[in-house]
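Novice: Handing over upload11.cif, mmCIF, C-alpha atoms.
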data_start
loop_
_atom_site.group_PDB
_atom_site.id
_atom_site.type_symbol
_atom_site.label_atom_id
_atom_site.label_comp_id
_atom_site.auth_asym_id
_atom_site.auth_seq_id
_atom_site.Cartn_x
_atom_site.Cartn_y
_atom_site.Cartn_z
ATOM 1 C CA MET V 1 0.000 0.000 0.000
ATOM 2 C CA SER V 2 1.250 3.465 -0.874
ATOM 3 C CA THR V 3 -0.087 6.906 0.031
ATOM 4 C CA SER V 4 0.937 10.166 -1.584
ATOM 5 C CA GLY V 5 -0.123 13.788 -1.413
ATOM 6 C CA ARG V 6 -1.227 16.204 1.281
ATOM 7 C CA ALA V 7 -4.621 17.856 1.277
ATOM 8 C CA ALA V 8 -4.505 21.484 0.198
ATOM 9 C CA ALA V 9 -7.186 23.322 -1.720
ATOM 10 C CA GLY V 10 -6.242 23.135 -5.392
ATOM 11 C CA ALA V 11 -3.288 20.814 -4.670
ATOM 12 C CA GLU V 12 -2.655 17.268 -5.737
ATOM 13 C CA PRO V 13 -5.143 14.803 -4.230
ATOM 14 C CA ILE V 14 -4.256 12.268 -1.571
ATOM 15 C CA VAL V 15 -3.943 8.849 -3.203
ATOM 16 C CA THR V 16 -3.595 5.449 -1.537
ATOM 17 C CA THR V 17 -2.995 2.421 -3.741
ATOM 18 C CA GLY V 18 -3.185 -1.259 -2.898
ATOM 19 C CA ILE V 19 -6.228 -1.220 -0.637
ATOM 20 C CA THR V 20 -7.893 -4.618 -0.672
ATOM 21 C CA ALA V 21 -11.626 -4.130 -0.199
ATOM 22 C CA GLY V 22 -13.230 -6.290 2.433
ATOM 23 C CA PRO V 23 -16.127 -8.642 1.642
ATOM 24 C CA GLY V 24 -18.881 -6.658 -0.055
ATOM 25 C CA GLY V 25 -16.490 -3.973 -1.318
ATOM 26 C CA VAL V 26 -17.309 -0.292 -1.605
ATOM 27 C CA MET V 27 -20.492 1.203 -3.060
ATOM 28 C CA THR V 28 -20.038 3.699 -5.895
ATOM 29 C CA VAL V 29 -22.461 6.057 -7.577
ATOM 30 C CA GLU V 30 -21.638 5.027 -11.138
ATOM 31 C CA VAL V 31 -21.342 1.223 -11.078
ATOM 32 C CA GLY V 32 -22.523 0.003 -7.687
ATOM 33 C CA VAL V 33 -20.194 -2.206 -5.657
ATOM 34 C CA VAL V 34 -16.516 -2.529 -6.585
ATOM 35 C CA THR V 35 -14.265 -5.129 -4.977
ATOM 36 C CA GLY V 36 -10.680 -6.292 -5.119
ATOM 37 C CA ASP V 37 -7.516 -4.206 -5.061
ATOM 38 C CA LEU V 38 -8.441 -0.536 -5.190
ATOM 39 C CA THR V 39 -6.949 2.934 -5.187
ATOM 40 C CA LEU V 40 -8.597 5.649 -3.077
ATOM 41 C CA ARG V 41 -8.298 9.299 -4.082
ATOM 42 C CA THR V 42 -9.374 12.246 -1.937
ATOM 43 C CA THR V 43 -9.516 15.745 -3.366
ATOM 44 C CA TRP V 44 -10.086 18.723 -1.058
ATOM 45 C CA ASP V 45 -11.669 21.848 -2.510
ATOM 46 C CA GLY V 46 -11.370 23.968 0.621
ATOM 47 C CA ARG V 47 -14.824 23.000 1.920
ATOM 48 C CA GLN V 48 -15.311 19.301 1.296
ATOM 49 C CA ALA V 49 -13.478 16.069 0.569
ATOM 50 C CA ILE V 50 -14.353 14.313 -2.675
ATOM 51 C CA LEU V 51 -13.718 10.558 -2.402
ATOM 52 C CA ASP V 52 -13.217 8.351 -5.461
ATOM 53 C CA VAL V 53 -11.998 4.786 -6.008
ATOM 54 C CA GLN V 54 -10.627 2.895 -8.969
ATOM 55 C CA TYR V 55 -9.359 -0.586 -9.600
ATOM 56 C CA ASP V 56 -5.579 -0.551 -9.163
ATOM 57 C CA GLY V 57 -4.014 0.247 -12.520
ATOM 58 C CA ALA V 58 -7.294 1.282 -14.196
ATOM 59 C CA ASP V 59 -8.138 4.639 -15.756
ATOM 60 C CA GLU V 60 -11.741 5.050 -14.597
ATOM 61 C CA TRP V 61 -12.596 6.657 -11.255
ATOM 62 C CA TYR V 62 -15.859 6.000 -9.419
ATOM 63 C CA THR V 63 -17.422 8.283 -6.818
ATOM 64 C CA VAL V 64 -17.858 6.702 -3.389
ATOM 65 C CA GLU V 65 -21.551 6.728 -2.449
ATOM 66 C CA GLY V 66 -22.179 9.752 -0.206
ATOM 67 C CA SER V 67 -19.226 11.770 -1.490
ATOM 68 C CA PRO V 68 -18.421 14.606 -1.041
ATOM 69 C CA VAL V 69 -18.211 14.909 2.732
ATOM 70 C CA PRO V 70 -17.753 18.102 4.762
ATOM 71 C CA ALA V 71 -14.081 18.911 5.369
ATOM 72 C CA PRO V 72 -13.494 22.451 6.640
ATOM 73 C CA SER V 73 -9.711 21.967 6.749
ATOM 74 C CA ALA V 74 -6.915 20.025 5.087
ATOM 75 C CA ASP V 75 -6.567 17.993 8.270
ATOM 76 C CA ALA V 76 -10.268 17.068 8.097
ATOM 77 C CA ALA V 77 -9.836 15.963 4.462
ATOM 78 C CA GLU V 78 -6.853 13.804 5.408
ATOM 79 C CA ALA V 79 -8.809 12.295 8.303
ATOM 80 C CA ALA V 80 -11.696 11.501 5.928
ATOM 81 C CA HIS V 81 -9.221 9.824 3.550
ATOM 82 C CA ARG V 82 -7.734 7.645 6.298
ATOM 83 C CA ALA V 83 -11.177 6.744 7.633
ATOM 84 C CA MET V 84 -12.456 5.858 4.151
ATOM 85 C CA ALA V 85 -9.406 3.653 3.514
ATOM 86 C CA ASP V 86 -10.174 1.756 6.733
ATOM 87 C CA THR V 87 -13.856 1.564 5.782
ATOM 88 C CA VAL V 88 -13.030 0.121 2.346
ATOM 89 C CA ARG V 89 -10.856 -2.526 4.015
ATOM 90 C CA ARG V 90 -13.857 -3.565 6.141
ATOM 91 C CA GLY V 91 -16.104 -3.816 3.052
ATOM 92 C CA GLY V 92 -19.824 -4.330 3.434
ATOM 93 C CA ALA V 93 -20.717 -2.109 0.439
ATOM 94 C CA ALA V 94 -18.919 0.727 2.259
ATOM 95 C CA THR V 95 -20.137 4.303 1.798
ATOM 96 C CA THR V 96 -19.222 7.601 3.416
ATOM 97 C CA ALA V 97 -22.057 7.016 5.894
ATOM 98 C CA ASP V 98 -19.840 4.286 7.362
ATOM 99 C CA LEU V 99 -17.114 6.823 8.233
ATOM 100 C CA GLU V 100 -18.824 7.638 11.516
ATOM 101 C CA ARG V 101 -18.970 4.022 12.703
#
Let me see the structure of the file written as structure tokens.
Specialist:
Amino acid sequence: MSTSGRAAAGAEPIVTTGITAGPGGVMTVEVGVVTGDLTLRTTWDGRQAILDVQYDGADEWYTVEGSPVPAPSADAAEAAHRAMADTVRRGGAATTADLER
């Protein structure tokens, strides 16, 4: 697993590769559940964190169900990214609603 980037409005997104989704995967807006080895990307626009996933090595990004989430600071966006990575690892058709569990 590899993570790069630091949240800053207009900066490069935070990206973590090599996350293996738990049973049931992660729910996306565009295609429903995705499973397997995934990459998580979090982009902070200064107000909210936008969370997307893709299959490792693929070109297409899919919006995590419930994204974007409020993130009033770069630290909040980074915390959302870490929490979503953990949530994806747990699986269960993970969405941003699971971040608070």
Novice: Interatomic distance between atom CA of V:Thr95 and atom CA of V:Trp61?
Specialist: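 Atom-to-atom, atom CA of V:Thr95 to atom CA of V:Trp61, that is 15.3 Å.
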Novice: On this structure, which residues satisfy the PyMOL selection byres ((chain V and resi 72) around 6), written as a ChimeraX atom specification?
Specialist: /V:47,71,73
Novice: Can you list, as a ChimeraX atom specification, the residues that the PyMOL selection byres ((chain V and resi 14-27) around 8) selects here?
Specialist: /V:1-7,12-13,28-29,32-43,56,64-65,78,81,85,88-95
Novice: Please measure the separation of atom CA of V:Pro70 and atom CA of V:Ala49, giving the value in Å to one decimal.
Specialist: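 Atom CA of V:Ala49 lies at a distance of 6.3 Å from atom CA of V:Pro70.
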Novice: To one decimal place, how far is atom CA of V:Asp86 from atom CA of V:Leu99 in Å?
Specialist: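 So the two atoms, atom CA of V:Asp86 and atom CA of V:Leu99, lie 8.7 Å apart.
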Novice: Once 3 Å is added on each side, what are the centre and the three edge lengths, in Å to one decimal, of the axis-aligned box enclosing the listed atoms of stretch 77-92 of chain V? Present them as JSON.
Specialist:
{"center_x": -13.3, "center_y": 5.8, "center_z": 5.3, "size_x": 19.0, "size_y": 26.3, "size_z": 12.0}
Novice: I need the residue nearest V:Gln48 from this list: V:Ala79, V:Ala97, V:Val69, V:Met84. Use only C-alpha atoms for the distance.
Specialist: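 Closest candidate: V:Val69.
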